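Chemist: Sending over work.tsv (TSV, N, CA and C atoms).
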chain	number	residue	atom	x	y	z
G	1	VAL	N	-12.77	9.90	-7.37
G	1	VAL	CA	-11.48	9.22	-7.44
G	1	VAL	C	-11.68	7.72	-7.24
G	2	GLN	N	-11.12	6.95	-8.12
G	2	GLN	CA	-11.19	5.50	-8.00
G	2	GLN	C	-9.80	4.94	-7.82
G	3	LEU	N	-9.66	4.07	-6.84
G	3	LEU	CA	-8.39	3.41	-6.58
G	3	LEU	C	-8.60	1.90	-6.72
G	4	GLN	N	-7.67	1.26	-7.36
G	4	GLN	CA	-7.78	-0.19	-7.54
G	4	GLN	C	-6.45	-0.83	-7.19
G	5	ALA	N	-6.47	-1.67	-6.16
G	5	ALA	CA	-5.28	-2.42	-5.79
G	5	ALA	C	-5.30	-3.78	-6.49
G	6	SER	N	-4.14	-4.21	-6.92
G	6	SER	CA	-4.04	-5.51	-7.60
G	6	SER	C	-2.67	-6.11	-7.34
G	7	GLY	N	-2.52	-7.35	-7.75
G	7	GLY	CA	-1.23	-8.01	-7.64
G	7	GLY	C	-1.12	-9.01	-6.51
G	8	GLY	N	-2.16	-9.13	-5.71
G	8	GLY	CA	-2.13	-10.09	-4.62
G	8	GLY	C	-2.19	-11.51	-5.13
G	9	GLY	N	-2.01	-12.44	-4.22
G	9	GLY	CA	-2.06	-13.84	-4.60
G	9	GLY	C	-1.63	-14.72	-3.45
G	10	MET	N	-1.46	-15.99	-3.77
G	10	MET	CA	-1.02	-16.96	-2.78
G	10	MET	C	0.40	-17.39	-3.11
G	11	VAL	N	1.31	-17.20	-2.15
G	11	VAL	CA	2.72	-17.55	-2.36
G	11	VAL	C	3.24	-18.31	-1.15
G	12	GLN	N	4.44	-18.83	-1.29
G	12	GLN	CA	5.07	-19.53	-0.17
G	12	GLN	C	6.02	-18.61	0.58
G	13	THR	N	6.36	-18.99	1.77
G	13	THR	CA	7.30	-18.23	2.58
G	13	THR	C	8.60	-17.98	1.82
G	14	GLY	N	9.05	-16.73	1.88
G	14	GLY	CA	10.28	-16.35	1.21
G	14	GLY	C	10.08	-15.75	-0.17
G	15	ALA	N	8.88	-15.85	-0.69
G	15	ALA	CA	8.59	-15.33	-2.02
G	15	ALA	C	8.43	-13.81	-2.00
G	16	SER	N	8.32	-13.26	-3.18
G	16	SER	CA	8.09	-11.82	-3.34
G	16	SER	C	6.80	-11.58	-4.13
G	17	LEU	N	6.21	-10.45	-3.87
G	17	LEU	CA	5.05	-10.00	-4.64
G	17	LEU	C	5.17	-8.51	-4.86
G	18	ARG	N	4.63	-8.05	-5.97
G	18	ARG	CA	4.55	-6.61	-6.20
G	18	ARG	C	3.09	-6.23	-6.38
G	19	LEU	N	2.61	-5.41	-5.49
G	19	LEU	CA	1.25	-4.91	-5.57
G	19	LEU	C	1.23	-3.60	-6.34
G	20	SER	N	0.12	-3.34	-6.99
G	20	SER	CA	-0.06	-2.10	-7.73
G	20	SER	C	-1.33	-1.41	-7.24
G	21	CYS	N	-1.27	-0.10	-7.22
G	21	CYS	CA	-2.44	0.71	-6.90
G	21	CYS	C	-2.60	1.70	-8.03
G	22	SER	N	-3.67	1.56	-8.78
G	22	SER	CA	-3.92	2.45	-9.90
G	22	SER	C	-5.04	3.42	-9.55
G	23	GLY	N	-4.86	4.66	-9.94
G	23	GLY	CA	-5.85	5.67	-9.61
G	23	GLY	C	-6.28	6.47	-10.81
G	24	SER	N	-7.43	7.07	-10.69
G	24	SER	CA	-7.94	7.92	-11.76
G	24	SER	C	-7.97	9.36	-11.28
G	25	GLY	N	-7.85	10.25	-12.22
G	25	GLY	CA	-7.96	11.66	-11.88
G	25	GLY	C	-6.63	12.31	-11.55
G	26	ASN	N	-6.58	13.62	-11.72
G	26	ASN	CA	-5.36	14.38	-11.47
G	26	ASN	C	-4.96	14.35	-10.00
G	27	ILE	N	-5.94	14.15	-9.14
G	27	ILE	CA	-5.65	14.19	-7.71
G	27	ILE	C	-4.68	13.09	-7.31
G	28	PHE	N	-4.68	12.00	-8.05
G	28	PHE	CA	-3.83	10.87	-7.68
G	28	PHE	C	-2.36	11.25	-7.67
G	29	SER	N	-1.92	11.98	-8.69
G	29	SER	CA	-0.50	12.30	-8.81
G	29	SER	C	-0.05	13.38	-7.84
G	30	SER	N	-0.99	14.07	-7.21
G	30	SER	CA	-0.62	15.16	-6.31
G	30	SER	C	-0.79	14.80	-4.84
G	31	ARG	N	-1.24	13.59	-4.57
G	31	ARG	CA	-1.50	13.19	-3.19
G	31	ARG	C	-0.51	12.14	-2.71
G	32	VAL	N	-0.51	11.96	-1.41
G	32	VAL	CA	0.22	10.84	-0.82
G	32	VAL	C	-0.58	9.56	-1.06
G	33	VAL	N	0.10	8.53	-1.47
G	33	VAL	CA	-0.53	7.22	-1.61
G	33	VAL	C	0.04	6.31	-0.53
G	34	GLY	N	-0.84	5.72	0.21
G	34	GLY	CA	-0.42	4.84	1.30
G	34	GLY	C	-0.92	3.43	1.10
G	35	TRP	N	-0.19	2.50	1.68
G	35	TRP	CA	-0.62	1.10	1.72
G	35	TRP	C	-0.89	0.71	3.16
G	36	PHE	N	-1.96	-0.03	3.33
G	36	PHE	CA	-2.34	-0.55	4.64
G	36	PHE	C	-2.67	-2.03	4.47
G	37	ARG	N	-2.73	-2.73	5.58
G	37	ARG	CA	-3.14	-4.13	5.50
G	37	ARG	C	-3.97	-4.47	6.73
G	38	GLN	N	-4.81	-5.46	6.55
G	38	GLN	CA	-5.63	-5.93	7.66
G	38	GLN	C	-5.71	-7.44	7.60
G	39	ALA	N	-5.20	-8.06	8.62
G	39	ALA	CA	-5.25	-9.51	8.74
G	39	ALA	C	-6.53	-9.91	9.48
G	40	PRO	N	-7.00	-11.12	9.30
G	40	PRO	CA	-8.22	-11.57	9.97
G	40	PRO	C	-8.12	-11.41	11.48
G	41	GLY	N	-9.12	-10.76	12.06
G	41	GLY	CA	-9.15	-10.59	13.50
G	41	GLY	C	-8.23	-9.54	14.06
G	42	LYS	N	-7.57	-8.80	13.17
G	42	LYS	CA	-6.63	-7.77	13.62
G	42	LYS	C	-7.05	-6.41	13.10
G	43	GLU	N	-6.50	-5.38	13.73
G	43	GLU	CA	-6.79	-4.02	13.28
G	43	GLU	C	-6.00	-3.70	12.02
G	44	ARG	N	-6.50	-2.72	11.30
G	44	ARG	CA	-5.80	-2.25	10.12
G	44	ARG	C	-4.43	-1.72	10.52
G	45	GLU	N	-3.43	-1.98	9.69
G	45	GLU	CA	-2.05	-1.62	9.99
G	45	GLU	C	-1.45	-0.82	8.85
G	46	TYR	N	-0.78	0.24	9.18
G	46	TYR	CA	-0.08	1.05	8.17
G	46	TYR	C	1.15	0.29	7.68
G	47	VAL	N	1.40	0.37	6.36
G	47	VAL	CA	2.54	-0.32	5.77
G	47	VAL	C	3.57	0.65	5.21
G	48	ALA	N	3.15	1.54	4.35
G	48	ALA	CA	4.09	2.46	3.69
G	48	ALA	C	3.32	3.56	2.99
G	49	ALA	N	4.04	4.64	2.66
G	49	ALA	CA	3.43	5.74	1.93
G	49	ALA	C	4.48	6.45	1.09
G	50	ILE	N	4.00	7.15	0.07
G	50	ILE	CA	4.88	7.90	-0.82
G	50	ILE	C	4.17	9.17	-1.24
G	51	ASN	N	4.91	10.30	-1.26
G	51	ASN	CA	4.25	11.53	-1.67
G	51	ASN	C	4.47	11.77	-3.16
G	52	TRP	N	4.00	12.91	-3.63
G	52	TRP	CA	3.99	13.16	-5.07
G	52	TRP	C	5.40	13.27	-5.63
G	53	SER	N	6.36	13.70	-4.80
G	53	SER	CA	7.72	13.89	-5.30
G	53	SER	C	8.59	12.65	-5.14
G	54	GLY	N	8.03	11.60	-4.54
G	54	GLY	CA	8.78	10.38	-4.40
G	54	GLY	C	9.36	10.13	-3.02
G	55	TYR	N	9.09	11.03	-2.09
G	55	TYR	CA	9.54	10.81	-0.71
G	55	TYR	C	8.76	9.65	-0.12
G	56	THR	N	9.50	8.72	0.48
G	56	THR	CA	8.85	7.50	0.96
G	56	THR	C	8.96	7.35	2.47
G	57	ASP	N	8.04	6.59	2.99
G	57	ASP	CA	8.02	6.23	4.40
G	57	ASP	C	7.54	4.80	4.48
G	58	SER	N	8.23	3.96	5.20
G	58	SER	CA	7.83	2.56	5.28
G	58	SER	C	7.94	2.06	6.70
G	59	ALA	N	6.95	1.31	7.10
G	59	ALA	CA	6.96	0.69	8.43
G	59	ALA	C	7.50	-0.73	8.38
G	60	LYS	N	7.76	-1.20	7.17
G	60	LYS	CA	8.25	-2.57	7.00
G	60	LYS	C	9.54	-2.54	6.18
G	61	ALA	N	10.61	-3.02	6.76
G	61	ALA	CA	11.91	-2.94	6.10
G	61	ALA	C	11.96	-3.79	4.83
G	62	ARG	N	11.15	-4.82	4.76
G	62	ARG	CA	11.18	-5.72	3.60
G	62	ARG	C	10.31	-5.22	2.46
G	63	PHE	N	9.61	-4.13	2.68
G	63	PHE	CA	8.69	-3.61	1.68
G	63	PHE	C	9.21	-2.29	1.12
G	64	THR	N	9.10	-2.12	-0.19
G	64	THR	CA	9.56	-0.90	-0.86
G	64	THR	C	8.42	-0.31	-1.66
G	65	ILE	N	8.17	0.97	-1.45
G	65	ILE	CA	7.10	1.64	-2.17
G	65	ILE	C	7.70	2.55	-3.23
G	66	SER	N	7.04	2.63	-4.39
G	66	SER	CA	7.49	3.51	-5.47
G	66	SER	C	6.27	3.94	-6.26
G	67	ARG	N	6.46	4.93	-7.13
G	67	ARG	CA	5.31	5.38	-7.91
G	67	ARG	C	5.73	5.78	-9.30
G	68	ASP	N	4.78	5.68	-10.20
G	68	ASP	CA	4.94	6.13	-11.58
G	68	ASP	C	3.80	7.10	-11.84
G	69	ASN	N	4.07	8.38	-11.69
G	69	ASN	CA	3.00	9.37	-11.83
G	69	ASN	C	2.43	9.40	-13.24
G	70	SER	N	3.26	9.12	-14.22
G	70	SER	CA	2.77	9.15	-15.60
G	70	SER	C	1.73	8.07	-15.84
G	71	ALA	N	1.80	7.01	-15.04
G	71	ALA	CA	0.85	5.91	-15.18
G	71	ALA	C	-0.17	5.90	-14.05
G	72	ASN	N	-0.11	6.92	-13.19
G	72	ASN	CA	-1.03	6.97	-12.04
G	72	ASN	C	-1.03	5.66	-11.27
G	73	THR	N	0.16	5.17	-11.01
G	73	THR	CA	0.29	3.88	-10.34
G	73	THR	C	1.36	3.94	-9.25
G	74	VAL	N	1.04	3.33	-8.14
G	74	VAL	CA	1.99	3.18	-7.04
G	74	VAL	C	2.20	1.69	-6.81
G	75	PHE	N	3.44	1.32	-6.55
G	75	PHE	CA	3.79	-0.08	-6.38
G	75	PHE	C	4.25	-0.35	-4.95
G	76	LEU	N	4.00	-1.55	-4.49
G	76	LEU	CA	4.53	-2.00	-3.21
G	76	LEU	C	5.24	-3.32	-3.46
G	77	GLN	N	6.56	-3.27	-3.44
G	77	GLN	CA	7.37	-4.47	-3.60
G	77	GLN	C	7.56	-5.12	-2.24
G	78	MET	N	7.13	-6.37	-2.12
G	78	MET	CA	7.20	-7.08	-0.85
G	78	MET	C	8.13	-8.29	-1.01
G	79	ASP	N	9.18	-8.32	-0.25
G	79	ASP	CA	10.17	-9.40	-0.35
G	79	ASP	C	10.20	-10.23	0.93
G	80	SER	N	10.73	-11.43	0.81
G	80	SER	CA	10.90	-12.34	1.95
G	80	SER	C	9.61	-12.46	2.76
G	81	LEU	N	8.54	-12.74	2.06
G	81	LEU	CA	7.24	-12.81	2.71
G	81	LEU	C	7.15	-13.96	3.70
G	82	THR	N	6.41	-13.74	4.75
G	82	THR	CA	6.17	-14.76	5.78
G	82	THR	C	4.66	-14.88	5.98
G	83	PRO	N	4.22	-15.94	6.63
G	83	PRO	CA	2.78	-16.08	6.89
G	83	PRO	C	2.19	-14.90	7.65
G	84	GLU	N	3.02	-14.21	8.43
G	84	GLU	CA	2.54	-13.04	9.17
G	84	GLU	C	2.17	-11.88	8.25
G	85	ASP	N	2.57	-11.94	7.01
G	85	ASP	CA	2.22	-10.90	6.04
G	85	ASP	C	0.87	-11.17	5.38
G	86	THR	N	0.26	-12.28	5.69
G	86	THR	CA	-1.05	-12.60	5.13
G	86	THR	C	-2.09	-11.59	5.59
G	87	ALA	N	-2.76	-10.97	4.63
G	87	ALA	CA	-3.72	-9.92	4.93
G	87	ALA	C	-4.36	-9.43	3.64
G	88	ILE	N	-5.37	-8.62	3.80
G	88	ILE	CA	-5.89	-7.86	2.66
G	88	ILE	C	-5.13	-6.54	2.66
G	89	TYR	N	-4.59	-6.19	1.51
G	89	TYR	CA	-3.80	-4.97	1.37
G	89	TYR	C	-4.64	-3.92	0.63
G	90	TYR	N	-4.67	-2.73	1.21
G	90	TYR	CA	-5.44	-1.63	0.67
G	90	TYR	C	-4.53	-0.45	0.35
G	91	CYS	N	-4.88	0.28	-0.69
G	91	CYS	CA	-4.20	1.54	-0.93
G	91	CYS	C	-5.18	2.67	-0.67
G	92	ALA	N	-4.63	3.84	-0.39
G	92	ALA	CA	-5.45	4.99	-0.03
G	92	ALA	C	-4.73	6.27	-0.41
G	93	LEU	N	-5.50	7.34	-0.55
G	93	LEU	CA	-4.96	8.67	-0.83
G	93	LEU	C	-5.09	9.53	0.41
G	94	GLY	N	-4.01	10.22	0.77
G	94	GLY	CA	-4.04	11.10	1.91
G	94	GLY	C	-3.37	12.42	1.60
G	95	PRO	N	-3.54	13.42	2.48
G	95	PRO	CA	-2.97	14.74	2.24
G	95	PRO	C	-1.47	14.83	2.53
G	96	THR	N	-1.01	14.15	3.58
G	96	THR	CA	0.40	14.19	3.96
G	96	THR	C	0.86	12.80	4.40
G	97	ILE	N	2.17	12.64	4.47
G	97	ILE	CA	2.72	11.38	4.97
G	97	ILE	C	2.28	11.16	6.42
G	98	ALA	N	2.39	12.21	7.23
G	98	ALA	CA	2.08	12.08	8.65
G	98	ALA	C	0.63	11.68	8.87
G	99	SER	N	-0.29	12.31	8.18
G	99	SER	CA	-1.70	11.98	8.37
G	99	SER	C	-2.00	10.59	7.82
G	100	THR	N	-1.37	10.24	6.72
G	100	THR	CA	-1.59	8.91	6.15
G	100	THR	C	-1.12	7.84	7.12
G	101	ARG	N	-0.01	8.06	7.79
G	101	ARG	CA	0.47	7.09	8.78
G	101	ARG	C	-0.59	6.84	9.86
G	102	ARG	N	-1.35	7.86	10.18
G	102	ARG	CA	-2.38	7.74	11.22
G	102	ARG	C	-3.69	7.19	10.66
G	103	GLY	N	-3.71	6.91	9.38
G	103	GLY	CA	-4.94	6.41	8.76
G	103	GLY	C	-5.92	7.50	8.39
G	104	GLU	N	-5.50	8.74	8.48
G	104	GLU	CA	-6.37	9.88	8.15
G	104	GLU	C	-6.24	10.17	6.66
G	105	VAL	N	-6.97	9.40	5.89
G	105	VAL	CA	-6.89	9.50	4.45
G	105	VAL	C	-8.22	9.96	3.88
G	106	ASP	N	-8.20	10.35	2.61
G	106	ASP	CA	-9.40	10.87	1.97
G	106	ASP	C	-10.14	9.81	1.15
G	107	TYR	N	-9.41	8.90	0.57
G	107	TYR	CA	-10.02	7.88	-0.28
G	107	TYR	C	-9.38	6.53	0.00
G	108	TRP	N	-10.23	5.52	-0.01
G	108	TRP	CA	-9.76	4.14	0.13
G	108	TRP	C	-10.05	3.37	-1.15
G	109	GLY	N	-9.15	2.50	-1.51
G	109	GLY	CA	-9.39	1.62	-2.64
G	109	GLY	C	-9.83	0.25	-2.17
G	110	GLN	N	-10.24	-0.54	-3.12
G	110	GLN	CA	-10.56	-1.94	-2.80
G	110	GLN	C	-9.27	-2.69	-2.51
G	111	GLY	N	-9.35	-3.68	-1.70
G	111	GLY	CA	-8.17	-4.41	-1.30
G	111	GLY	C	-7.82	-5.56	-2.23
G	112	THR	N	-6.62	-6.06	-2.02
G	112	THR	CA	-6.17	-7.25	-2.73
G	112	THR	C	-5.61	-8.23	-1.71
G	113	GLN	N	-6.00	-9.48	-1.83
G	113	GLN	CA	-5.63	-10.49	-0.83
G	113	GLN	C	-4.23	-11.02	-1.08
G	114	VAL	N	-3.45	-11.06	-0.01
G	114	VAL	CA	-2.12	-11.69	-0.04
G	114	VAL	C	-2.13	-12.81	0.98
G	115	THR	N	-1.81	-13.99	0.52
G	115	THR	CA	-1.77	-15.16	1.41
G	115	THR	C	-0.40	-15.81	1.28
G	116	VAL	N	0.27	-15.97	2.40
G	116	VAL	CA	1.59	-16.57	2.41
G	116	VAL	C	1.53	-17.87	3.21
G	117	SER	N	1.87	-18.95	2.56
G	117	SER	CA	1.82	-20.25	3.23
G	117	SER	C	3.20	-20.66	3.71
G	118	SER	N	3.23	-21.44	4.77
G	118	SER	CA	4.51	-21.87	5.34
G	118	SER	C	5.03	-23.14	4.68
Could you take the file, read its structure, and then write that structure out as structure tokens?
Modeler:
Amino acid sequence: VQLQASGGGMVQTGASLRLSCSGSGNIFSSRVVGWFRQAPGKEREYVAAINWSGYTDSAKARFTISRDNSANTVFLQMDSLTPEDTAIYYCALGPTIASTRRGEVDYWGQGTQVTVSS
């Protein structure tokens, strides 16, 4: 299974970004896809997750997760960004929402850098 996160960049405070996580293989559409982030000097942090049927869970009210199973892609819409959102964002595949929240996932993708300037 290959996961590729994309869509990061450098933006100013208040801007929006939409990240994408693309996966290969049938397993992608049947698993929970989660987003995590890690800022410099900080521990990895859970952001949001979505299961195969579209049930979502988010730890950030300004972030919305969605998926397009036909395209094997999960999106993370991030609005009203602040410098505190600066981090590398990773997507991952997990068995359940609950386990994904704990970071107990099966596959990790490469990250995409998000930098928010003040």
Chemist: With only N, CA and C atoms as the counted atoms, please give the residues lying no more than 5 Å from segment 86-98 of chain G, apart from itself and same-chain residues fewer than 6 positions off, as a list in words.
Modeler: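 Once the nearby chain positions are removed, what remains is Val32, Val33, Gly34, Trp35, Phe36, Arg37, Gln38, Ala39, Val105, Asp106, Tyr107, Trp108, Gly109, Gly111, Thr112, Gln113, Val114, Thr115 and Val116 of chain G.
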Chemist: Taking the DSSP assignment computed from this structure's backbone, write out as a ChimeraX atom specification all residues of chain G that belong to alpha helix (DSSP H).
Modeler: /G:27-30,97-101
Chemist: Here is a test: counting only N, CA and C atoms, which residue of G:Thr13, G:Tyr46, G:Ser99, G:Trp52 is nearest to Arg31 of chain G?
Modeler: G:Trp52
Chemist: So, counting only N, CA and C atoms, which residue among G:Leu17, G:Ile65, G:Val11, G:Gln77 is closest to Ser118 of chain G?
Modeler: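 Among the listed residues, the smallest separation from Ser118 of chain G belongs to G:Val11.
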Chemist: Pick from G:Lys60, G:Ser24, G:Arg44, G:Leu19: nearest to Arg102 of chain G, with only C-alpha atoms counted?
Modeler: G:Arg44
Chemist: For segment 47-80 of chain G, write N, CA and C atoms out as a short mmCIF file (atom, residue, chain, number, x, y, z; two decimals), in the first residue's frame.
Modeler:
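In the end it all went to result_5.cif:
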data_model
loop_
_atom_site.label_atom_id
_atom_site.label_comp_id
_atom_site.auth_asym_id
_atom_site.auth_seq_id
_atom_site.Cartn_x
_atom_site.Cartn_y
_atom_site.Cartn_z
N VAL G 47 -5.32 14.48 14.02
CA VAL G 47 -6.10 15.59 13.48
C VAL G 47 -7.53 15.17 13.15
N ALA G 48 -7.69 14.14 12.36
CA ALA G 48 -9.02 13.73 11.92
C ALA G 48 -8.95 12.36 11.27
N ALA G 49 -10.11 11.72 11.15
CA ALA G 49 -10.17 10.42 10.49
C ALA G 49 -11.55 10.23 9.86
N ILE G 50 -11.59 9.33 8.88
CA ILE G 50 -12.83 9.02 8.19
C ILE G 50 -12.84 7.55 7.84
N ASN G 51 -14.00 6.88 8.04
CA ASN G 51 -14.03 5.47 7.70
C ASN G 51 -14.56 5.28 6.29
N TRP G 52 -14.72 4.03 5.90
CA TRP G 52 -15.04 3.72 4.51
C TRP G 52 -16.42 4.24 4.12
N SER G 53 -17.34 4.34 5.10
CA SER G 53 -18.70 4.77 4.77
C SER G 53 -18.88 6.28 4.89
N GLY G 54 -17.83 6.98 5.30
CA GLY G 54 -17.92 8.42 5.38
C GLY G 54 -18.11 8.97 6.78
N TYR G 55 -18.14 8.11 7.77
CA TYR G 55 -18.23 8.58 9.15
C TYR G 55 -16.93 9.29 9.51
N THR G 56 -17.07 10.48 10.08
CA THR G 56 -15.89 11.29 10.34
C THR G 56 -15.68 11.56 11.83
N ASP G 57 -14.46 11.83 12.15
CA ASP G 57 -14.07 12.22 13.49
C ASP G 57 -12.99 13.27 13.35
N SER G 58 -13.12 14.37 14.04
CA SER G 58 -12.13 15.43 13.91
C SER G 58 -11.79 16.01 15.27
N ALA G 59 -10.51 16.24 15.47
CA ALA G 59 -10.04 16.86 16.71
C ALA G 59 -9.90 18.37 16.56
N LYS G 60 -10.10 18.84 15.34
CA LYS G 60 -9.94 20.27 15.06
C LYS G 60 -11.22 20.79 14.40
N ALA G 61 -11.86 21.74 15.04
CA ALA G 61 -13.15 22.22 14.54
C ALA G 61 -13.00 22.94 13.19
N ARG G 62 -11.84 23.47 12.91
CA ARG G 62 -11.64 24.23 11.66
C ARG G 62 -11.27 23.33 10.50
N PHE G 63 -11.10 22.05 10.77
CA PHE G 63 -10.68 21.11 9.73
C PHE G 63 -11.81 20.15 9.40
N THR G 64 -11.99 19.88 8.11
CA THR G 64 -13.04 18.97 7.65
C THR G 64 -12.41 17.88 6.80
N ILE G 65 -12.73 16.64 7.13
CA ILE G 65 -12.20 15.52 6.37
C ILE G 65 -13.29 14.93 5.50
N SER G 66 -12.92 14.50 4.29
CA SER G 66 -13.88 13.87 3.38
C SER G 66 -13.12 12.88 2.51
N ARG G 67 -13.85 12.05 1.79
CA ARG G 67 -13.16 11.08 0.94
C ARG G 67 -13.92 10.84 -0.33
N ASP G 68 -13.18 10.45 -1.34
CA ASP G 68 -13.73 10.05 -2.63
C ASP G 68 -13.19 8.66 -2.90
N ASN G 69 -13.98 7.65 -2.57
CA ASN G 69 -13.50 6.28 -2.72
C ASN G 69 -13.22 5.91 -4.17
N SER G 70 -13.98 6.48 -5.08
CA SER G 70 -13.77 6.16 -6.49
C SER G 70 -12.41 6.64 -6.97
N ALA G 71 -11.88 7.64 -6.30
CA ALA G 71 -10.57 8.18 -6.66
C ALA G 71 -9.49 7.78 -5.66
N ASN G 72 -9.87 6.94 -4.69
CA ASN G 72 -8.90 6.54 -3.65
C ASN G 72 -8.20 7.75 -3.04
N THR G 73 -9.00 8.73 -2.71
CA THR G 73 -8.43 9.97 -2.18
C THR G 73 -9.24 10.47 -0.98
N VAL G 74 -8.52 10.93 0.01
CA VAL G 74 -9.11 11.56 1.18
C VAL G 74 -8.60 12.98 1.26
N PHE G 75 -9.49 13.89 1.61
CA PHE G 75 -9.15 15.31 1.65
C PHE G 75 -9.22 15.84 3.08
N LEU G 76 -8.39 16.81 3.37
CA LEU G 76 -8.46 17.52 4.64
C LEU G 76 -8.54 19.01 4.32
N GLN G 77 -9.72 19.56 4.49
CA GLN G 77 -9.93 20.99 4.28
C GLN G 77 -9.60 21.73 5.57
N MET G 78 -8.64 22.65 5.49
CA MET G 78 -8.20 23.38 6.67
C MET G 78 -8.50 24.86 6.48
N ASP G 79 -9.29 25.41 7.34
CA ASP G 79 -9.70 26.82 7.23
C ASP G 79 -9.16 27.63 8.40
N SER G 80 -9.12 28.94 8.20
CA SER G 80 -8.68 29.88 9.23
C SER G 80 -7.37 29.44 9.88
#
